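Note: the block below is model-v7.cif and it holds mmCIF, C-alpha atoms (C1' of nucleotides).
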```cif
data_upload
#
loop_
_atom_site.label_atom_id
_atom_site.label_comp_id
_atom_site.auth_asym_id
_atom_site.auth_seq_id
_atom_site.Cartn_x
_atom_site.Cartn_y
_atom_site.Cartn_z
CA MET A 1 143.79 299.18 243.50
CA ASP A 2 144.02 299.84 247.20
CA LYS A 3 142.07 298.31 249.93
CA PHE A 4 140.75 300.98 252.20
CA VAL A 5 139.13 301.29 255.56
CA ILE A 6 135.74 302.66 256.40
CA LYS A 7 134.86 303.72 259.91
CA LYS A 8 131.31 303.11 260.94
CA ASN A 9 130.47 306.79 261.44
CA GLN A 10 131.98 307.74 258.10
CA VAL A 11 129.97 305.41 255.97
CA LYS A 12 128.39 308.10 253.83
CA SER A 13 131.46 310.01 252.83
CA LYS A 14 133.60 306.95 252.25
CA ARG A 15 130.91 305.23 250.24
CA SER A 16 130.84 308.17 247.93
CA HIS A 17 134.58 307.67 247.55
CA ILE A 18 133.87 304.13 246.38
CA GLU A 19 131.39 305.38 243.82
CA GLU A 20 133.80 308.05 242.73
CA CYS A 21 136.49 305.46 242.08
CA ALA A 22 134.16 303.01 240.39
CA GLY A 23 134.77 304.30 236.90
CA HIS A 24 138.55 304.19 237.02
CA SER A 25 140.64 302.45 234.45
CA ASP A 26 141.09 299.16 236.31
CA VAL A 27 138.71 297.62 233.78
CA GLY A 28 139.65 294.10 232.81
CA VAL A 29 142.40 293.71 235.38
CA PRO A 30 142.40 290.23 236.95
CA GLU A 31 140.84 290.38 240.38
CA GLU A 32 143.96 289.15 242.22
CA SER A 33 146.07 292.00 240.97
CA LEU A 34 143.61 294.55 242.27
CA THR A 35 144.61 293.81 245.84
CA VAL A 36 147.68 295.78 246.69
CA LYS A 37 147.73 296.60 250.36
CA LYS A 38 145.56 297.25 253.32
CA SER A 39 145.37 300.75 254.65
CA ARG A 40 144.62 301.40 258.30
CA CYS A 41 142.92 304.29 260.03
CA ASP A 42 145.99 306.22 261.04
CA VAL A 43 145.51 307.89 264.41
CA ALA A 44 143.17 307.86 267.35
CA ALA A 45 140.48 305.66 265.86
CA PRO A 46 138.04 305.22 268.73
CA LEU A 47 138.43 301.70 270.06
CA LEU A 48 134.86 300.55 269.93
CA GLU A 49 134.28 301.56 266.37
CA GLN A 50 133.99 298.82 263.81
CA SER A 51 136.01 299.38 260.65
CA TYR A 52 135.94 297.46 257.40
CA VAL A 53 138.69 296.78 254.90
CA TRP A 54 137.16 296.62 251.43
CA ARG A 55 138.50 294.92 248.35
CA ARG A 56 137.33 296.48 245.12
CA ILE A 57 136.56 294.03 242.33
CA ARG A 58 136.26 295.68 238.95
CA ALA A 59 136.02 294.62 235.33
CA ASP A 60 134.12 295.75 232.25
CA ASN A 61 130.73 296.79 233.70
CA LEU A 62 131.41 294.74 236.83
CA SER A 63 131.50 296.45 240.20
CA CYS A 64 131.68 294.50 243.45
CA ASP A 65 133.07 295.27 246.89
CA TYR A 66 134.16 292.56 249.30
CA THR A 67 134.84 292.71 253.03
CA SER A 68 134.92 290.62 256.17
CA LEU A 69 131.68 291.62 257.89
CA PHE A 70 131.87 289.40 260.99
CA ASN A 71 134.91 288.12 262.83
CA LYS A 72 135.34 284.38 263.20
CA THR A 73 133.75 284.17 266.66
CA GLU A 74 130.70 286.14 265.56
CA ALA A 75 130.41 284.21 262.32
CA ASN A 76 130.59 280.87 264.13
CA GLU A 77 127.82 281.92 266.50
CA ILE A 78 125.60 283.21 263.70
CA LEU A 79 126.10 280.08 261.59
CA GLN A 80 125.06 277.88 264.53
CA GLN A 81 122.02 280.03 265.09
CA LEU A 82 121.04 279.92 261.40
CA GLU A 83 121.46 276.15 261.37
CA ARG A 84 119.19 275.86 264.43
CA GLU A 85 116.50 278.32 263.38
CA ILE A 86 116.13 278.42 259.61
CA VAL A 87 113.57 276.06 258.10
CA TYR A 88 113.94 275.72 254.33
CA PHE A 89 111.34 275.18 251.62
CA SER A 90 110.52 271.61 250.72
CA GLY A 91 108.34 269.74 248.23
CA ASP A 92 107.17 271.69 245.17
CA MET A 93 108.88 274.80 246.50
CA SER A 94 112.28 273.17 246.08
CA LYS A 95 111.76 272.18 242.44
CA VAL A 96 112.41 274.17 239.29
CA GLN A 97 111.58 273.67 235.62
CA VAL A 98 114.35 274.15 233.03
CA PHE A 99 113.93 273.26 229.35
CA GLY A 100 110.63 271.64 230.23
CA LYS A 101 112.14 269.20 232.73
CA TRP A 102 111.51 269.36 236.47
CA HIS A 103 114.45 269.10 238.85
CA ASN A 104 115.02 269.33 242.55
CA VAL A 105 117.22 272.38 243.12
CA PRO A 106 120.71 271.26 244.19
CA ARG A 107 120.58 273.30 247.42
CA LYS A 108 117.97 274.48 249.94
CA GLN A 109 116.21 277.84 249.80
CA VAL A 110 113.91 280.09 251.83
CA THR A 111 112.98 283.78 251.87
CA PHE A 112 112.37 286.38 254.59
CA GLY A 113 111.29 290.00 254.26
CA ASP A 114 109.17 292.94 255.30
CA ALA A 115 105.46 292.34 255.97
CA GLY A 116 103.34 293.03 252.91
CA LEU A 117 106.05 292.30 250.34
CA THR A 118 105.39 289.76 247.64
CA TYR A 119 107.71 288.19 245.09
CA THR A 120 107.41 285.64 242.31
CA PHE A 121 109.25 282.35 242.55
CA SER A 122 108.95 279.65 239.87
CA GLY A 123 105.84 281.33 238.54
CA ILE A 124 103.99 281.60 241.88
CA THR A 125 103.52 284.79 243.90
CA LEU A 126 104.57 284.38 247.51
CA SER A 127 105.06 286.33 250.71
CA PRO A 128 108.41 286.08 252.49
CA LYS A 129 108.54 284.88 256.10
CA PRO A 130 108.73 287.68 258.70
CA TRP A 131 112.17 288.75 259.97
CA ILE A 132 113.67 286.92 262.96
CA PRO A 133 116.33 288.40 265.30
CA VAL A 134 119.40 286.70 263.80
CA LEU A 135 118.48 287.86 260.30
CA ASP A 136 117.73 291.37 261.53
CA LEU A 137 121.14 291.45 263.18
CA ILE A 138 122.85 290.55 259.91
CA ARG A 139 120.72 293.05 258.01
CA GLU A 140 121.63 295.80 260.47
CA ARG A 141 125.34 294.98 260.17
CA VAL A 142 125.09 295.21 256.39
CA LYS A 143 123.39 298.58 256.79
CA SER A 144 126.11 299.86 259.10
CA ALA A 145 128.81 298.73 256.68
CA THR A 146 127.21 299.95 253.46
CA GLY A 147 124.47 302.44 254.28
CA HIS A 148 121.95 300.25 252.43
CA LEU A 149 118.76 299.01 254.07
CA PHE A 150 117.34 295.88 252.46
CA ASN A 151 113.74 294.66 252.76
CA PHE A 152 114.15 291.06 251.57
CA VAL A 153 116.60 288.17 251.84
CA LEU A 154 116.92 284.89 249.91
CA ILE A 155 118.77 282.25 251.91
CA ASN A 156 120.54 279.43 250.06
CA ARG A 157 122.05 276.49 251.95
CA TYR A 158 124.68 274.36 250.18
CA LYS A 159 125.12 271.22 252.28
CA ASP A 160 128.53 270.42 250.78
CA GLY A 161 130.61 270.99 247.64
CA ASN A 162 128.17 269.06 245.46
CA ASP A 163 125.38 271.52 246.14
CA HIS A 164 125.66 274.43 243.72
CA ILE A 165 123.83 276.99 241.61
CA GLY A 166 124.10 277.37 237.86
CA GLU A 167 124.88 280.54 235.95
CA HIS A 168 122.20 283.19 236.24
CA ARG A 169 121.62 286.89 236.75
CA ASP A 170 119.64 288.45 239.59
CA ASP A 171 117.56 290.56 237.25
CA GLU A 172 114.04 290.08 238.54
CA LYS A 173 111.59 292.81 237.64
CA GLU A 174 110.63 293.08 241.29
CA LEU A 175 113.98 294.54 242.31
CA ILE A 176 114.25 298.29 242.71
CA PRO A 177 116.08 299.45 239.56
CA GLN A 178 119.85 299.79 239.99
CA SER A 179 119.74 298.70 243.66
CA PRO A 180 122.75 296.68 244.86
CA ILE A 181 122.56 293.10 246.18
CA ALA A 182 124.39 292.17 249.38
CA SER A 183 125.64 288.58 249.64
CA VAL A 184 126.62 287.43 253.14
CA SER A 185 128.23 284.01 253.61
CA PHE A 186 128.71 281.65 256.55
CA GLY A 187 130.36 278.24 256.75
CA ALA A 188 132.54 276.64 254.09
CA SER A 189 134.46 278.98 251.78
CA ARG A 190 133.25 278.58 248.20
CA ASP A 191 134.38 279.89 244.83
CA PHE A 192 131.98 282.32 243.20
CA VAL A 193 132.39 282.90 239.46
CA PHE A 194 131.23 285.76 237.25
CA ARG A 195 131.07 285.37 233.45
CA HIS A 196 130.31 288.21 231.05
CA ARG A 197 127.19 287.65 228.94
CA ASP A 198 129.18 288.34 225.75
CA SER A 199 131.75 285.62 226.40
CA ARG A 200 129.47 282.73 227.25
CA CYS A 201 129.58 280.75 224.02
CA ALA A 202 132.14 279.94 221.36
CA SER A 203 130.31 282.03 218.77
CA SER A 204 130.76 285.24 220.71
CA VAL A 205 133.40 287.63 219.42
CA ARG A 206 134.47 289.02 222.76
CA ARG A 207 136.86 287.08 224.96
CA ILE A 208 136.37 288.30 228.49
CA GLU A 209 138.02 286.41 231.32
CA PRO A 210 135.74 285.13 234.09
CA VAL A 211 136.15 286.84 237.47
CA LYS A 212 136.49 284.51 240.46
CA VAL A 213 136.03 285.44 244.11
CA GLU A 214 136.34 283.19 247.14
CA LEU A 215 133.49 283.89 249.56
CA ALA A 216 134.70 283.24 253.09
CA HIS A 217 132.97 282.60 256.43
CA GLY A 218 131.51 285.91 257.69
CA SER A 219 132.12 287.80 254.44
CA LEU A 220 130.03 290.36 252.55
CA LEU A 221 130.07 290.78 248.77
CA MET A 222 128.27 293.86 247.44
CA MET A 223 127.16 293.45 243.84
CA ASN A 224 126.61 296.93 242.49
CA PHE A 225 124.82 298.16 239.39
CA PRO A 226 125.32 297.34 236.54
CA THR A 227 127.08 294.06 237.40
CA ASN A 228 123.88 292.04 237.11
CA VAL A 229 123.01 293.49 233.72
CA TYR A 230 126.18 292.20 232.04
CA TRP A 231 127.54 289.38 234.20
CA TYR A 232 126.14 285.96 235.04
CA HIS A 233 127.30 284.34 238.25
CA SER A 234 127.41 280.80 239.62
CA LEU A 235 128.57 278.75 242.57
CA PRO A 236 130.27 275.78 240.90
CA VAL A 237 130.65 272.27 242.32
CA ARG A 238 133.73 271.82 244.49
CA ARG A 239 133.96 268.12 245.30
CA LYS A 240 136.54 268.52 248.02
CA VAL A 241 134.29 270.77 250.12
CA ILE A 242 132.54 268.68 252.77
CA ALA A 243 131.10 271.37 255.06
CA PRO A 244 127.89 273.36 254.55
CA ARG A 245 127.66 276.98 253.45
CA VAL A 246 124.73 279.26 254.20
CA ASN A 247 124.43 282.31 251.95
CA LEU A 248 122.08 285.24 252.37
CA THR A 249 121.41 287.59 249.45
CA PHE A 250 119.76 290.77 250.64
CA ARG A 251 117.70 292.63 248.03
CA LYS A 252 115.51 295.69 247.70
CA ILE A 253 112.11 294.64 246.41
CA VAL A 254 109.65 297.22 245.11
CA PRO A 255 106.97 297.52 247.84
CA GLN A 256 103.48 296.29 246.97
CA SER A 257 102.11 299.81 247.27
CA LEU A 258 104.31 301.01 244.41
CA LYS A 259 103.67 298.14 241.99
"C1'" DG B 1 110.83 286.19 220.50
"C1'" DG B 2 114.22 285.47 223.67
"C1'" DC B 3 115.58 283.47 227.56
"C1'" DT B 4 116.22 279.52 230.86
"C1'" DT B 5 119.00 279.56 239.03
"C1'" DG B 6 118.52 272.21 235.50
"C1'" DT B 7 121.83 267.97 234.11
"C1'" DC B 8 124.99 265.64 231.21
"C1'" DA B 9 128.81 264.34 228.07
"C1'" DG B 10 133.08 265.24 226.16
"C1'" DA B 11 137.13 268.29 226.35
"C1'" DT B 12 140.50 270.12 229.17
"C1'" DT B 13 143.20 270.91 233.22
"C1'" DC B 14 145.81 269.59 237.13
"C1'" DA C 1 146.44 258.33 234.58
"C1'" DG C 2 142.53 259.53 237.12
"C1'" DA C 3 139.84 263.01 239.30
"C1'" DA C 4 138.18 267.52 239.17
"C1'" DT C 5 136.75 271.16 236.46
"C1'" DC C 6 135.12 273.55 232.41
"C1'" DT C 7 132.13 274.26 228.40
"C1'" DG C 8 128.46 273.76 225.30
"C1'" DA C 9 124.21 271.29 224.12
"C1'" DC C 10 119.72 270.64 225.31
"C1'" DA C 11 114.92 271.59 221.87
"C1'" DA C 12 110.06 272.74 226.34
"C1'" DG C 13 107.56 276.28 227.93
"C1'" DC C 14 106.73 280.78 229.90
#
```
Entire entry expressed as structure tokens:
Amino acid sequence: MDKFVIKKNQVKSKRSHIEECAGHSDVGVPEESLTVKKSRCDVAAPLLEQSYVWRRIRADNLSCDYTSLFNKTEANEILQQLEREIVYFSGDMSKVQVFGKWHNVPRKQVTFGDAGLTYTFSGITLSPKPWIPVLDLIRERVKSATGHLFNFVLINRYKDGNDHIGEHRDDEKELIPQSPIASVSFGASRDFVFRHRDSRCASSVRRIEPVKVELAHGSLLMMNFPTNVYWYHSLPVRRKVIAPRVNLTFRKIVPQSLK
DNA sequence: GGCTTGTCAGATTC
DNA sequence: AGAATCTGACAAGC
């Protein structure tokens, strides 16, 4: 499948092109082979316009789109700002119970979002922190690249390659049905792995290859419906990674007034 | 009734 | 041959 370019002022029409192509027969093709070539806006693209080269990642009921959202200079600046300004949860808020045992989560987490929103985290209902300029800037860039406006972000900080997250799906009831999730990364590149729910244990009949994506500094990964219905994802340990990674997953939470 | 954002041990890969 | 990675087990509680 081709990479293709979207100009900022053409977001709507080109996005519909993405959707239109989403059902094509590239199902099950290894992700690497989907990347063929970059296309460029041919003539007279206005100089100041930002354009994005998207990589389509497709498998059986998996639909993701990947692009570089910030250049290296921008990404460096934003990472520094995030590292200065973001204060993560601590204490009980950084623990989780699995199979009856309590653990400290092997990463740091915090949430930001629109005033009045609430969400449930480890069984407790919480309000996200109010937006701050650096997060609003990232949110606006995501909107200009995708057309989607998000009202909530979960920030995960992985201090090095030993910090990780286990397999899970982002299938909270509080998400607007069928809304995409936008994952923006800064800092160390990390592997991100999808596994189909039907190929997770030896007993399962279906053999579906995992899909791996490397999430680079300044990148955006759009996870579109129905990816999260069928595919689990994880950020596995990578012992050789010594630098931190800060990841922001933007979501659309159902507003309190509609609950 | 079904699922689990955790770790760990043993198998497997590099 | 050792280190890194992968995979399944776990058996409590919401």
*For segment 230-246 of chain A, please output as an MDAnalysis selection string all residues within 7 Å (counting only C-alpha atoms (C1' of nucleotides); exclusion window: fewer than 4 positions along the same chain).*
chainID A and resid 61 156:169 185:188 191:197 226
*By how many Å are atom CA of Ile138 of chain A and atom CA of Tyr52 of chain A apart?*
15.0 Å
*Selected by the PyMOL selection byres ((chain B) within 8 of (chain A)) in the shown coordinates: which residues, as a PyMOL selection string?*
chain B and resi 4-6
Filtering to C-alpha atoms (C1' of nucleotides), could you give me those residues as a tab-separated table (two decimals), in the frame of the given file?
```
chain	number	residue	atom	x	y	z
B	4	DT	C1'	116.22	279.52	230.86
B	5	DT	C1'	119.00	279.56	239.03
B	6	DG	C1'	118.52	272.21	235.50
```
_Taking only C-alpha atoms (C1' of nucleotides) into account and nothing else, which residues of chain C lie no more than 8 Å away from chain A? Please answer as number ranges by chain._
C: 4, 8, 10-13
*Tell me, as number ranges by chain, which residues lie within 12 Å of DG10 of chain B, counting only C-alpha atoms (C1' of nucleotides); anything in the same chain fewer than 3 positions away does not count.*
C: 6-9
Just the selected residues (C-alpha atoms (C1' of nucleotides)), exported as a PDB file, keeping the file's coordinate frame, please.
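Final output, out_18.pdb:
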```pdb
ATOM      1  C1'  DC C   6     135.120 273.550 232.410  1.00  0.00           C
ATOM      2  C1'  DT C   7     132.130 274.260 228.400  1.00  0.00           C
ATOM      3  C1'  DG C   8     128.460 273.760 225.300  1.00  0.00           C
ATOM      4  C1'  DA C   9     124.210 271.290 224.120  1.00  0.00           C
TER       5       DA C   9
END
```
*Report the residues retrieved by the PyMOL selection byres ((chain A and resi 113) around 8) from the displayed file, expressed as a PyMOL selection string.*
chain A and resi 111-112+114-115+117+128-131+151-153
Could those residues be written to a file, using C-alpha atoms, as an mmCIF file, keeping the file's coordinate frame?
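The resulting part_11.cif:
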```
data_model
loop_
_atom_site.group_PDB
_atom_site.id
_atom_site.type_symbol
_atom_site.label_atom_id
_atom_site.label_comp_id
_atom_site.auth_asym_id
_atom_site.auth_seq_id
_atom_site.Cartn_x
_atom_site.Cartn_y
_atom_site.Cartn_z
ATOM 1 C CA THR A 111 112.980 283.780 251.870
ATOM 2 C CA PHE A 112 112.370 286.380 254.590
ATOM 3 C CA ASP A 114 109.170 292.940 255.300
ATOM 4 C CA ALA A 115 105.460 292.340 255.970
ATOM 5 C CA LEU A 117 106.050 292.300 250.340
ATOM 6 C CA PRO A 128 108.410 286.080 252.490
ATOM 7 C CA LYS A 129 108.540 284.880 256.100
ATOM 8 C CA PRO A 130 108.730 287.680 258.700
ATOM 9 C CA TRP A 131 112.170 288.750 259.970
ATOM 10 C CA ASN A 151 113.740 294.660 252.760
ATOM 11 C CA PHE A 152 114.150 291.060 251.570
ATOM 12 C CA VAL A 153 116.600 288.170 251.840
#
```
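Computed from the coordinates, the atom CA of Met223 of chain A to atom CA of Leu62 of chain A distance equals 8.3 Å.
Of note, atom CA of Pro180 of chain A and atom CA of Phe225 of chain A are spaced 6.0 Å apart.
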*Could you check which of A:Asp65, A:Asp92, A:Asp171, A:Asp60 is closest to Leu220 of chain A, using all atoms listed in the file?*
A:Asp65
*Apply the PyMOL selection byres ((chain B and resi 1) around 12) to the displayed file and report the matching residues as a ChimeraX atom specification.*
/B:2-3 /C:14
